[in-house]
>>> print(open('coords_17.txt').read())   # compact mmCIF, C-alpha atoms and all ligand atoms
# COMPACT_ATOMS: atom_id res chain seq x y z
CA MET A 241 7.52 -18.95 73.16
CA ASN A 242 9.18 -18.26 76.51
CA PRO A 243 9.69 -21.51 78.41
CA GLN A 244 8.03 -21.31 81.85
CA SER A 245 10.26 -23.94 83.31
CA ILE A 246 12.96 -26.23 82.00
CA THR A 247 14.92 -29.12 83.47
CA ILE A 248 18.68 -28.81 83.33
CA ASN A 249 20.41 -32.14 82.80
CA ASP A 250 24.05 -31.36 83.44
CA THR A 251 26.53 -33.67 81.75
CA THR A 252 29.81 -32.27 83.14
CA LEU A 253 30.56 -35.72 84.55
CA ARG A 254 29.92 -37.49 81.20
CA ASP A 255 30.36 -35.31 78.10
CA GLY A 256 32.32 -32.72 80.13
CA GLU A 257 34.79 -35.42 81.07
CA GLN A 258 35.10 -36.34 77.37
CA THR A 259 37.08 -33.10 76.90
CA ALA A 260 40.38 -34.30 75.44
CA GLY A 261 42.82 -34.88 78.29
CA VAL A 262 40.33 -34.43 81.12
CA ALA A 263 39.86 -37.18 83.72
CA PHE A 264 38.19 -36.65 87.09
CA ASN A 265 39.12 -38.88 90.00
CA ARG A 266 36.58 -40.38 92.40
CA ASP A 267 36.74 -37.53 94.93
CA GLU A 268 36.46 -34.91 92.19
CA LYS A 269 33.41 -36.61 90.67
CA ILE A 270 31.73 -36.84 94.05
CA ALA A 271 32.57 -33.20 94.87
CA ILE A 272 31.24 -31.95 91.53
CA ALA A 273 28.04 -34.02 91.74
CA SER A 274 27.45 -32.81 95.30
CA ALA A 275 28.07 -29.15 94.42
CA LEU A 276 25.70 -29.32 91.44
CA ALA A 277 23.03 -31.03 93.53
CA MET A 278 23.36 -28.44 96.31
CA ALA A 279 22.95 -25.66 93.74
CA GLY A 280 19.63 -27.25 92.74
CA VAL A 281 20.58 -28.99 89.49
CA PRO A 282 17.68 -31.40 89.06
CA GLU A 283 19.40 -33.95 86.79
CA MET A 284 22.94 -35.03 85.98
CA GLU A 285 24.47 -37.49 83.56
CA ILE A 286 27.29 -38.86 85.66
CA GLY A 287 29.24 -41.35 83.58
CA ILE A 288 29.52 -44.35 81.30
CA PRO A 289 29.17 -47.70 83.13
CA ALA A 290 30.46 -49.57 80.04
CA MET A 291 33.90 -48.09 80.73
CA GLY A 292 34.41 -50.71 83.42
CA ALA A 293 34.44 -51.54 87.11
CA GLU A 294 36.10 -48.36 88.36
CA GLU A 295 33.66 -46.06 86.57
CA GLN A 296 30.75 -48.22 87.78
CA GLU A 297 31.99 -48.04 91.35
CA ILE A 298 32.21 -44.23 91.22
CA ILE A 299 28.74 -43.94 89.68
CA ALA A 300 27.34 -46.27 92.36
CA ALA A 301 29.08 -44.21 95.06
CA ILE A 302 27.41 -41.03 93.76
CA ALA A 303 24.06 -42.85 93.62
CA GLN A 304 24.50 -43.93 97.25
CA LEU A 305 24.82 -40.29 98.34
CA ASN A 306 21.08 -39.93 97.74
CA LEU A 307 21.55 -36.47 96.32
CA PRO A 308 18.37 -34.53 95.55
CA SER A 309 19.04 -34.85 91.80
CA LYS A 310 17.95 -37.47 89.29
CA LEU A 311 20.97 -39.42 88.01
CA MET A 312 21.46 -40.60 84.45
CA VAL A 313 24.18 -42.74 82.86
CA TRP A 314 25.17 -43.09 79.21
CA GLY A 315 25.28 -46.37 77.30
CA ARG A 316 25.01 -47.85 73.82
CA MET A 317 22.19 -50.11 72.73
CA ARG A 318 24.02 -53.28 73.70
CA ASP A 319 23.26 -55.93 76.33
CA ASP A 320 26.56 -55.41 78.15
CA ASP A 321 26.11 -51.61 78.34
CA LEU A 322 22.54 -52.04 79.56
CA GLU A 323 23.52 -54.52 82.24
CA ALA A 324 26.39 -52.28 83.37
CA ALA A 325 23.97 -49.34 83.62
CA ARG A 326 21.45 -51.37 85.60
CA SER A 327 24.09 -52.45 88.10
CA CYS A 328 24.87 -48.83 89.09
CA GLY A 329 21.60 -48.05 90.85
CA VAL A 330 20.72 -44.84 89.00
CA ASP A 331 17.29 -43.52 87.99
CA LEU A 332 17.67 -43.12 84.28
CA VAL A 333 19.69 -44.54 81.41
CA ASN A 334 20.43 -42.71 78.18
CA LEU A 335 20.64 -45.41 75.50
CA SER A 336 22.39 -43.89 72.54
CA ILE A 337 22.01 -44.82 68.89
CA PRO A 338 23.23 -43.01 65.77
CA VAL A 339 20.35 -41.72 63.65
CA SER A 340 22.16 -40.06 60.72
CA ASP A 341 22.67 -42.16 57.59
CA ILE A 342 26.38 -41.40 57.59
CA GLN A 343 26.88 -42.90 61.06
CA ILE A 344 24.36 -45.70 60.56
CA ARG A 345 26.20 -46.87 57.43
CA HIS A 346 29.80 -45.94 58.09
CA LYS A 347 30.07 -46.38 61.84
CA LEU A 348 27.69 -49.23 62.57
CA GLY A 349 27.48 -50.82 59.09
CA ARG A 350 23.69 -51.05 59.51
CA ASP A 351 20.54 -49.59 57.95
CA ARG A 352 17.56 -47.58 59.16
CA ALA A 353 15.39 -50.69 59.69
CA TRP A 354 18.03 -52.10 62.06
CA ILE A 355 18.04 -48.85 64.04
CA LEU A 356 14.26 -48.89 64.49
CA ALA A 357 14.24 -52.56 65.52
CA THR A 358 17.14 -51.96 67.94
CA VAL A 359 15.45 -48.97 69.56
CA ALA A 360 12.23 -50.97 70.09
CA HIS A 361 14.15 -53.94 71.48
CA PHE A 362 16.45 -52.08 73.89
CA VAL A 363 13.90 -49.62 75.21
CA SER A 364 11.59 -52.52 76.11
CA LYS A 365 14.45 -54.47 77.61
CA ALA A 366 15.60 -51.54 79.74
CA LYS A 367 12.03 -50.96 80.91
CA ASP A 368 11.79 -54.65 81.84
CA LYS A 369 14.90 -54.18 83.97
CA GLY A 370 13.15 -51.34 85.79
CA LEU A 371 15.05 -48.48 84.17
CA ASP A 372 13.63 -45.25 82.86
CA VAL A 373 14.94 -44.64 79.37
CA CYS A 374 16.05 -41.67 77.34
CA VAL A 375 16.88 -42.57 73.74
CA GLY A 376 19.99 -40.64 72.73
CA GLY A 377 19.73 -39.74 69.05
CA GLU A 378 23.39 -39.37 68.18
CA ASP A 379 24.06 -37.09 65.19
CA ALA A 380 20.36 -36.18 65.02
CA SER A 381 21.18 -32.78 63.54
CA ARG A 382 22.70 -34.39 60.41
CA ALA A 383 19.91 -36.95 60.15
CA ASP A 384 16.86 -36.92 57.88
CA ILE A 385 14.25 -35.34 60.18
CA ASP A 386 11.57 -37.73 58.88
CA PHE A 387 13.70 -40.64 60.04
CA VAL A 388 14.32 -38.94 63.39
CA MET A 389 10.53 -38.73 63.72
CA GLN A 390 10.28 -42.49 63.09
CA VAL A 391 12.92 -43.15 65.74
CA VAL A 392 11.09 -40.97 68.26
CA GLU A 393 7.77 -42.65 67.42
CA THR A 394 9.37 -46.07 67.95
CA ALA A 395 11.01 -44.95 71.19
CA GLN A 396 7.74 -43.53 72.50
CA GLN A 397 5.77 -46.65 71.63
CA ALA A 398 8.35 -48.84 73.35
CA GLY A 399 8.02 -46.78 76.53
CA ALA A 400 10.94 -44.34 76.46
CA ARG A 401 10.27 -41.31 78.59
CA ARG A 402 12.58 -39.02 76.61
CA PHE A 403 14.39 -38.47 73.32
CA ARG A 404 17.72 -36.64 73.31
CA PHE A 405 18.28 -34.63 70.13
CA ALA A 406 22.06 -34.44 69.77
CA ASP A 407 23.74 -31.84 67.60
CA THR A 408 26.77 -34.09 67.86
CA MET A 409 28.95 -32.15 65.42
CA GLY A 410 27.75 -28.69 66.51
CA ILE A 411 26.54 -27.73 63.04
CA LEU A 412 23.13 -26.18 63.77
CA ASP A 413 22.17 -22.54 64.23
CA PRO A 414 19.38 -21.36 66.54
CA PHE A 415 16.83 -21.07 63.70
CA ALA A 416 17.34 -24.64 62.47
CA THR A 417 17.41 -25.89 66.06
CA TYR A 418 14.11 -24.18 66.81
CA GLN A 419 12.47 -25.72 63.73
CA ARG A 420 13.59 -29.26 64.47
CA ILE A 421 12.85 -29.25 68.17
CA GLN A 422 9.45 -27.69 67.60
CA GLN A 423 8.64 -30.41 65.06
CA LEU A 424 9.41 -33.07 67.67
CA ALA A 425 7.74 -31.26 70.55
CA VAL A 426 4.40 -30.75 68.78
CA ASN A 427 4.24 -34.29 67.42
CA PHE A 428 5.20 -36.34 70.48
CA ASP A 429 4.25 -36.54 74.14
CA LEU A 430 7.57 -37.81 75.41
CA GLU A 431 10.17 -35.43 76.84
CA ILE A 432 12.61 -33.81 74.42
CA GLU A 433 16.17 -33.09 75.56
CA MET A 434 18.58 -30.86 73.61
CA HIS A 435 22.26 -31.73 73.52
CA ALA A 436 24.34 -29.04 71.81
CA HIS A 437 28.02 -28.79 70.89
CA ASP A 438 29.95 -25.57 70.48
CA ASP A 439 31.92 -26.12 67.26
CA LEU A 440 30.47 -22.91 65.80
CA GLY A 441 30.27 -21.13 69.14
CA LEU A 442 26.48 -21.56 69.12
CA ALA A 443 25.88 -24.24 71.75
CA THR A 444 24.28 -21.94 74.31
CA ALA A 445 22.24 -20.09 71.66
CA ASN A 446 21.03 -23.39 70.20
CA THR A 447 20.15 -24.69 73.64
CA LEU A 448 18.08 -21.58 74.40
CA ALA A 449 16.41 -21.91 71.00
CA ALA A 450 15.52 -25.51 71.81
CA ALA A 451 14.06 -24.43 75.15
CA CYS A 452 11.91 -21.85 73.38
CA ALA A 453 10.81 -24.43 70.82
CA GLY A 454 9.44 -26.80 73.45
CA ALA A 455 12.35 -28.92 74.70
CA SER A 456 11.60 -30.05 78.25
CA HIS A 457 15.24 -30.79 79.14
CA VAL A 458 18.59 -29.34 78.11
CA ASN A 459 22.13 -30.62 78.58
CA THR A 460 24.84 -28.36 79.96
CA THR A 461 28.41 -28.63 81.21
CA VAL A 462 30.17 -26.40 83.73
CA ASN A 463 32.53 -23.95 81.96
CA GLY A 464 31.33 -25.42 78.65
CA LEU A 465 33.59 -28.47 78.90
CA GLY A 466 32.94 -31.34 76.52
CA GLU A 467 33.97 -33.19 73.39
CA ARG A 468 36.03 -30.97 70.97
CA ALA A 469 34.78 -27.36 71.41
CA GLY A 470 32.57 -28.43 74.31
CA ASN A 471 28.88 -28.25 75.17
CA ALA A 472 26.45 -25.50 76.16
CA ALA A 473 27.92 -23.89 79.29
CA PHE A 474 25.86 -24.51 82.43
CA GLU A 475 26.32 -21.00 83.76
CA GLU A 476 25.48 -19.33 80.43
CA THR A 477 22.43 -21.49 79.76
CA VAL A 478 20.93 -21.01 83.20
CA MET A 479 21.61 -17.26 83.27
CA GLY A 480 20.21 -16.97 79.73
CA LEU A 481 17.02 -18.76 80.74
CA HIS A 482 16.62 -16.66 83.90
CA TYR A 483 17.55 -13.31 82.39
CA LEU A 484 15.97 -13.54 78.94
CA TYR A 485 12.83 -15.55 79.59
CA LYS A 486 12.31 -15.57 83.37
CA THR A 487 12.30 -19.34 83.09
CA ARG A 488 12.29 -21.34 86.32
CA THR A 489 15.19 -23.79 86.65
CA GLY A 490 15.35 -24.05 90.44
CA ILE A 491 19.10 -23.35 90.28
CA ASP A 492 20.92 -21.07 92.72
CA VAL A 493 23.18 -18.94 90.51
CA SER A 494 25.15 -17.60 93.48
CA GLN A 495 26.91 -20.99 93.51
CA PHE A 496 28.31 -20.51 89.98
CA PRO A 497 31.70 -18.98 90.87
CA ALA A 498 32.48 -21.79 93.33
CA ILE A 499 31.26 -24.57 91.03
CA SER A 500 33.11 -23.12 88.08
CA GLN A 501 36.34 -22.95 90.08
CA LEU A 502 35.86 -26.49 91.40
CA VAL A 503 35.48 -27.84 87.85
CA ALA A 504 38.32 -25.70 86.49
CA THR A 505 40.67 -27.16 89.10
CA ALA A 506 39.46 -30.75 88.75
CA SER A 507 39.61 -30.60 84.96
CA GLY A 508 42.91 -28.74 84.74
CA ARG A 509 41.19 -26.33 82.34
CA PRO A 510 41.46 -22.78 83.75
CA ILE A 511 38.64 -20.33 83.12
CA ALA A 512 39.45 -17.66 80.52
CA PRO A 513 39.27 -14.17 82.11
CA GLN A 514 36.58 -13.09 79.65
CA LYS A 515 34.49 -16.28 79.95
CA SER A 516 30.84 -15.20 80.25
CA ILE A 517 29.34 -15.14 83.76
CA VAL A 518 32.29 -16.71 85.60
CA GLY A 519 35.43 -15.18 84.03
CA GLU A 520 37.60 -12.99 86.26
CA THR A 521 37.09 -9.79 84.24
CA VAL A 522 33.50 -10.00 83.01
CA PHE A 523 32.32 -7.35 85.48
CA THR A 524 35.46 -5.20 85.15
CA HIS A 525 35.26 -1.81 83.40
CA GLU A 526 38.13 0.16 81.91
CA ALA A 527 36.95 2.22 78.91
CA GLY A 528 36.62 5.91 79.82
CA ILE A 529 33.11 6.43 78.47
CA HIS A 530 31.83 3.29 80.18
CA VAL A 531 33.41 4.16 83.52
CA ASP A 532 32.12 7.74 83.38
CA GLY A 533 28.60 6.42 82.62
CA PHE A 534 28.88 3.70 85.24
CA LEU A 535 29.96 6.18 87.92
CA LYS A 536 26.98 8.41 87.11
CA ASN A 537 24.57 5.47 87.40
CA LYS A 538 25.66 1.85 87.31
CA LEU A 539 22.57 0.91 85.30
CA ASN A 540 24.14 2.74 82.35
CA TYR A 541 26.50 -0.19 81.97
CA GLN A 542 24.92 -3.07 83.89
CA GLY A 543 23.10 -5.86 82.08
CA ILE A 544 23.39 -8.71 84.54
CA ASP A 545 23.66 -7.68 88.19
CA PRO A 546 26.86 -9.36 89.44
CA LYS A 547 25.47 -9.38 93.01
CA GLN A 548 23.20 -12.31 92.20
CA LEU A 549 26.37 -14.29 91.44
CA GLY A 550 28.02 -13.06 94.62
CA ARG A 551 30.27 -10.87 92.47
CA GLU A 552 30.98 -7.12 92.19
CA HIS A 553 31.70 -4.60 89.47
CA LYS A 554 35.33 -3.50 89.38
CA ILE A 555 36.85 -0.39 87.81
CA VAL A 556 40.45 -0.47 86.62
CA LEU A 557 42.70 2.04 84.91
CA GLY A 558 44.23 1.25 81.55
CA LYS A 559 44.97 2.40 78.02
CA HIS A 560 41.33 3.32 77.40
CA SER A 561 40.65 5.20 80.63
CA GLY A 562 39.25 8.73 80.70
CA SER A 563 39.93 11.53 83.21
CA HIS A 564 36.85 10.76 85.36
CA ALA A 565 38.14 7.27 86.03
CA VAL A 566 41.66 8.49 86.83
CA ILE A 567 40.36 11.14 89.24
CA ARG A 568 38.04 8.61 90.92
CA SER A 569 40.70 5.91 91.29
CA TYR A 570 43.17 8.35 92.84
CA GLU A 571 40.44 9.66 95.16
CA GLU A 572 40.18 6.12 96.52
CA LEU A 573 43.89 6.38 97.36
CA GLY A 574 43.29 9.70 99.14
CA ILE A 575 44.86 11.70 96.30
CA PHE A 576 42.83 14.53 94.79
CA LEU A 577 43.73 15.45 91.21
CA ASP A 578 42.78 18.26 88.90
CA THR A 579 41.98 17.45 85.27
CA GLY A 580 45.45 18.46 84.05
CA GLU A 581 47.15 16.09 86.51
CA ALA A 582 44.75 13.31 85.53
CA THR A 583 45.65 13.75 81.87
CA THR A 584 49.39 13.63 82.62
CA LEU A 585 48.98 10.53 84.78
CA LEU A 586 47.00 8.83 82.02
CA SER A 587 50.13 8.88 79.83
CA SER A 588 52.06 6.96 82.51
CA ILE A 589 49.17 4.52 82.92
CA ARG A 590 48.96 3.90 79.17
CA ASP A 591 52.68 3.37 78.95
CA HIS A 592 52.58 0.94 81.90
CA VAL A 593 49.74 -1.17 80.44
CA THR A 594 51.29 -1.28 76.99
CA ARG A 595 54.58 -2.54 78.40
CA ASN A 596 53.24 -4.90 81.12
CA LYS A 597 49.93 -6.06 79.61
CA ARG A 598 48.14 -5.52 82.90
CA THR A 599 46.47 -2.74 84.86
CA PRO A 600 48.59 -0.84 87.42
CA ASN A 601 48.17 -1.63 91.12
CA SER A 602 47.88 1.01 93.86
CA THR A 603 51.62 1.06 94.58
CA GLU A 604 52.33 1.78 90.93
CA LEU A 605 49.64 4.47 90.81
CA ARG A 606 51.23 6.19 93.82
CA HIS A 607 54.62 5.92 92.12
CA PHE A 608 53.28 7.64 88.96
CA TYR A 609 51.82 10.40 91.13
CA GLY A 610 55.10 10.80 93.03
CA ALA A 611 56.89 11.28 89.71
CA LEU A 612 54.58 14.18 88.77
CA ALA A 613 56.37 16.77 90.84
C1 LIG A 701 28.91 -38.61 70.64
C2 LIG A 701 29.28 -39.11 71.97
O1 LIG A 701 29.80 -38.40 72.77
S1 LIG A 701 28.88 -40.71 72.32
C3 LIG A 701 29.72 -41.03 73.83
C4 LIG A 701 31.07 -41.49 73.51
N1 LIG A 701 31.84 -41.66 74.72
C5 LIG A 701 32.91 -42.39 74.73
O2 LIG A 701 33.26 -43.05 73.76
C6 LIG A 701 33.71 -42.36 76.00
C7 LIG A 701 33.84 -43.69 76.69
N2 LIG A 701 34.12 -44.78 75.78
C8 LIG A 701 34.81 -45.88 76.12
O3 LIG A 701 35.29 -46.03 77.23
C9 LIG A 701 34.91 -46.96 75.10
O4 LIG A 701 34.83 -46.40 73.80
C10 LIG A 701 33.76 -48.01 75.31
C11 LIG A 701 34.01 -48.76 76.63
C12 LIG A 701 32.38 -47.38 75.36
C13 LIG A 701 33.77 -49.02 74.19
O5 LIG A 701 35.07 -49.49 74.01
P1 LIG A 701 35.42 -50.65 72.95
O6 LIG A 701 34.46 -51.77 73.16
O7 LIG A 701 36.86 -50.95 73.10
O8 LIG A 701 35.06 -50.07 71.51
P2 LIG A 701 35.54 -48.77 70.74
O9 LIG A 701 35.27 -47.57 71.55
O10 LIG A 701 36.95 -48.90 70.24
O11 LIG A 701 34.55 -48.85 69.48
C14 LIG A 701 33.17 -48.56 69.63
C15 LIG A 701 32.29 -49.74 69.26
O12 LIG A 701 30.94 -49.42 69.67
C16 LIG A 701 30.09 -49.41 68.51
N3 LIG A 701 29.06 -48.43 68.75
C17 LIG A 701 29.20 -47.08 68.76
N4 LIG A 701 28.04 -46.52 69.07
C18 LIG A 701 27.15 -47.51 69.26
C19 LIG A 701 25.80 -47.55 69.64
N5 LIG A 701 25.15 -46.42 69.90
N6 LIG A 701 25.17 -48.73 69.76
C20 LIG A 701 25.87 -49.89 69.53
N7 LIG A 701 27.17 -49.90 69.19
C21 LIG A 701 27.80 -48.74 69.06
C22 LIG A 701 31.03 -49.13 67.37
O13 LIG A 701 30.50 -49.49 66.14
C23 LIG A 701 32.23 -49.99 67.77
O14 LIG A 701 31.87 -51.33 67.59
P3 LIG A 701 32.70 -52.40 66.67
O15 LIG A 701 33.83 -52.82 67.52
O16 LIG A 701 31.71 -53.48 66.45
O17 LIG A 701 33.09 -51.66 65.44
O1 LIG A 702 23.56 -40.08 71.96
C1 LIG A 702 23.69 -39.33 72.90
O2 LIG A 702 23.31 -39.57 74.01
C2 LIG A 702 24.40 -38.04 72.65
C3 LIG A 702 25.82 -38.28 72.80
C4 LIG A 702 26.64 -37.08 72.61
O3 LIG A 702 27.32 -36.69 73.51
C5 LIG A 702 26.64 -36.40 71.33
O4 LIG A 702 26.03 -36.90 70.37
O5 LIG A 702 27.27 -35.33 71.24
>>> encode(input="coords_17.txt", output="structure tokens")
Amino acid sequence: MNPQSITINDTTLRDGEQTAGVAFNRDEKIAIASALAMAGVPEMEIGIPAMGAEEQEIIAAIAQLNLPSKLMVWGRMRDDDLEAARSCGVDLVNLSIPVSDIQIRHKLGRDRAWILATVAHFVSKAKDKGLDVCVGGEDASRADIDFVMQVVETAQQAGARRFRFADTMGILDPFATYQRIQQLAVNFDLEIEMHAHDDLGLATANTLAAACAGASHVNTTVNGLGERAGNAAFEETVMGLHYLYKTRTGIDVSQFPAISQLVATASGRPIAPQKSIVGETVFTHEAGIHVDGFLKNKLNYQGIDPKQLGREHKIVLGKHSGSHAVIRSYEELGIFLDTGEATTLLSSIRDHVTRNKRTPNSTELRHFYGALA
């Protein structure tokens, strides 16, 4: 089923900041929240009030900006976490509780009955404090699905507006994700939010599967930041929804390069050149057959149109170039080659790239040409 519309809940400022070694300062958090809001991100999870006064002050400062996005904070099912969340002035609190037997027993030292009673108690309490509640089902993917259903039933009856299904350890594939989310979506009226981790490199795929299975909300992080291998990348998830399913997200993808750069700088985690959608070289073509096809008609080798991201295709010369590309690149320098010259120059280009591990610039290309005579 293609999702008609889906709500992105971006958690760059919560799970994204849980990337080992990453810590945003106040200005960076405000800049990231503002940039995401301006790009049309409808919801963001912006922090953990239980971390203390400084985090609460930053969350409250973001809330006071009155951005056009719904703001969520993360907390445990504890009175102090709930009170800290309430004090921040946000719209929505995600109250998290482990739902797998392994975490219930070996992290909390509790049993399933305690979990159900705690969910009922804290959802009602949060509602009484005027908060909208999402119940965060930590480790839901390793939990007995029948118990997850009981947790969701309890959450719904207590007045939660949403259940977050967390693949905390990133161990699902898209098929299993689809099955589990569909089971929740057809049996309950409350909103279902997918939270995927990328331990197997499947976070975006699992998030798209969840959207197709009936999830109403999905979590993302810019550049795929997040605990361990990270979360579903914001830019990949949104482009996937737009391109594959024509799903409405309300998000302006032309903002992706700037947002990605902002988060890369603030996080100290540079973007890999080949990172989907936002990497430096993802619209760059070198291979001879591709470049020849691209020059004949760019649709031969264009899936996503880079223009919608404010980006352009780029052709470079390298080890895998063919004569068409060499002739074309030299034409742009005002040098007109025959096929024999192009073939000779290709040897110099290959040698250069093999030694320097980068494509030659125009000065170097002119130098190779000068050496022909
Ligand atoms: C899967 C996820 O990403 S969940 C989000 C996790 N995020 C973070 O942990 C980042 C921010 N965390 C922090 O700043 C700190 O861990 C705090 C402020 C939340 C808590 O700090 P501390 O009180 O010093 O506890 P610490 O983190 O060492 O231990 C966690 C405690 O919370 C308990 N706990 C964990 N999850 C839950 C829950 N959902 N509901 C209730 N209690 C919980 C643990 O059992 C442990 O309690 P214990 O002391 O009784 O054994
Ligand atoms: O319980 C939740 O809200 C999900 C927390 C989380 O980040 C995870 O489980 O990976």
>>> residues_around(input="coords_17.txt", residues="range 514-528 of chain A", least_positions_apart="2", cutoff="6 Å", atoms="all atoms listed in the file", output="ChimeraX atom specification")
/A:497,512,530-531,553-557,560-562
>>> residues_near_ligand(input="coords_17.txt", ligand="ligand LIG 701 (chain A)", cutoff="8 Å", atoms="all atoms listed in the file", output="list in words")
Arg254, Asp255, Gln258, Ile288, Ala290, Met291, Gly292, Trp314, Gly315, Arg316, Met317, Arg318, Leu335, Ser336, Ile337, Pro338, Lys347, Leu348, Gly349, Glu378, Asp379, Thr408 and Glu467 of chain A
>>> residues_around(input="coords_17.txt", residues="Ala453 in chain A", least_positions_apart="4", cutoff="12 Å", atoms="only C-alpha atoms", output="MDAnalysis selection string")
chainID A and resid 241:244 246 414:426 432:434 446:449 457:458
>>> write_last_selection(input="coords_17.txt", atoms="C-alpha atoms", output="mmCIF file, keeping the file's coordinate frame")
data_model
loop_
_atom_site.group_PDB
_atom_site.id
_atom_site.type_symbol
_atom_site.label_atom_id
_atom_site.label_comp_id
_atom_site.auth_asym_id
_atom_site.auth_seq_id
_atom_site.Cartn_x
_atom_site.Cartn_y
_atom_site.Cartn_z
ATOM 1 C CA MET A 241 7.520 -18.950 73.160
ATOM 2 C CA ASN A 242 9.180 -18.260 76.510
ATOM 3 C CA PRO A 243 9.690 -21.510 78.410
ATOM 4 C CA GLN A 244 8.030 -21.310 81.850
ATOM 5 C CA ILE A 246 12.960 -26.230 82.000
ATOM 6 C CA PRO A 414 19.380 -21.360 66.540
ATOM 7 C CA PHE A 415 16.830 -21.070 63.700
ATOM 8 C CA ALA A 416 17.340 -24.640 62.470
ATOM 9 C CA THR A 417 17.410 -25.890 66.060
ATOM 10 C CA TYR A 418 14.110 -24.180 66.810
ATOM 11 C CA GLN A 419 12.470 -25.720 63.730
ATOM 12 C CA ARG A 420 13.590 -29.260 64.470
ATOM 13 C CA ILE A 421 12.850 -29.250 68.170
ATOM 14 C CA GLN A 422 9.450 -27.690 67.600
ATOM 15 C CA GLN A 423 8.640 -30.410 65.060
ATOM 16 C CA LEU A 424 9.410 -33.070 67.670
ATOM 17 C CA ALA A 425 7.740 -31.260 70.550
ATOM 18 C CA VAL A 426 4.400 -30.750 68.780
ATOM 19 C CA ILE A 432 12.610 -33.810 74.420
ATOM 20 C CA GLU A 433 16.170 -33.090 75.560
ATOM 21 C CA MET A 434 18.580 -30.860 73.610
ATOM 22 C CA ASN A 446 21.030 -23.390 70.200
ATOM 23 C CA THR A 447 20.150 -24.690 73.640
ATOM 24 C CA LEU A 448 18.080 -21.580 74.400
ATOM 25 C CA ALA A 449 16.410 -21.910 71.000
ATOM 26 C CA HIS A 457 15.240 -30.790 79.140
ATOM 27 C CA VAL A 458 18.590 -29.340 78.110
#
>>> atom_distance(input="coords_17.txt", atom1="CA of Lys269 in chain A", atom2="CA of Ala469 in chain A")
21.4 Å
>>> residues_around(input="coords_17.txt", residues="range 592-603 of chain A", least_positions_apart="3", cutoff="6 Å", atoms="only C-alpha atoms", output="ChimeraX atom specification")
/A:558,589,606
>>> axis_aligned_box(input="coords_17.txt", around="range 329-346 of chain A", padding_each_side="4 Å", output="JSON")
{"center_x": 23.5, "center_y": -44.1, "center_z": 74.1, "size_x": 20.5, "size_y": 16.0, "size_z": 41.4}
